[in-house]
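**Q** Take a look at the following structure, please.
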Amino acid sequence: MPKPLSARPALDVVEQWKVRRLAAARHAPADWILRARIIVLSWAGLRVPYD
């Protein structure tokens, strides 16, 4: 059975704000935006199983 993964919580409010801002960005590298969106979704409670 795969174990669900989750991102660590933000260290402080500033870090959380920066990640959320990057997740909503339109003019940043696509891989940065995707990773930030994955982290924000993880903070929201969504998990991804891995093998």
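Residues are named by chain letter and number: chains run A, B, ... in the order of the structure tokens, numbers start at 1 in each chain, and ligands are numbered from 1 in the order shown.
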Could you list, as an MDAnalysis selection string, every residue within 7 Å of range 19-22 of chain A, counting only C-alpha atoms and ignoring same-chain residues fewer than 4 positions away?

**A** chainID A and resid 15 33 36 40

**Q** Write a file of the just-selected residues containing N, CA and C atoms, as a PDB file, in the first residue's frame.

**A**
ATOM      1  N   GLU A  15       7.083  32.794   4.219  1.00  0.00           N
ATOM      2  CA  GLU A  15       7.320  31.680   3.306  1.00  0.00           C
ATOM      3  C   GLU A  15       6.010  31.216   2.668  1.00  0.00           C
ATOM      4  N   ILE A  33       6.180  27.147 -10.941  1.00  0.00           N
ATOM      5  CA  ILE A  33       4.748  27.360 -10.695  1.00  0.00           C
ATOM      6  C   ILE A  33       4.075  26.030 -10.360  1.00  0.00           C
ATOM      7  N   ALA A  36       5.031  24.875  -6.867  1.00  0.00           N
ATOM      8  CA  ALA A  36       4.370  25.708  -5.855  1.00  0.00           C
ATOM      9  C   ALA A  36       2.899  25.329  -5.732  1.00  0.00           C
ATOM     10  N   VAL A  40       0.955  24.004  -2.354  1.00  0.00           N
ATOM     11  CA  VAL A  40      -0.252  24.649  -1.827  1.00  0.00           C
ATOM     12  C   VAL A  40      -1.388  23.639  -1.702  1.00  0.00           C
TER      13      VAL A  40
END

**Q** Could you pull out the alpha helix (DSSP H) residues of chain A, going by DSSP on the backbone, and write them as an MDAnalysis selection string?

**A** chainID A and resid 13:23 30:43

**Q** What is the distance between CA of Ala7 in chain A and CA of Trp32 in chain A, in Å to one decimal?

**A**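 CA of Trp32 in chain A lies 15.0 Å from CA of Ala7 in chain A.
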
**Q** Measuring between only C-alpha atoms, which one of A:Leu41, A:Leu34, A:Ala23, A:Ala28 shows the shortest distance to Pro9 in chain A?

**A**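 For Pro9 in chain A, the nearest of the candidates is A:Leu41.
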
**Q** Which distance in Å separates CA of His27 in chain A and CA of Leu5 in chain A, to one decimal?

**A**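 Rounded to one decimal, the two atoms are 28.2 Å apart.
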
**Q** Please compute the CA of Pro29 in chain A-CA of Gly45 in chain A distance, one decimal, in Å.

**A**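 The value is 25.1 Å.
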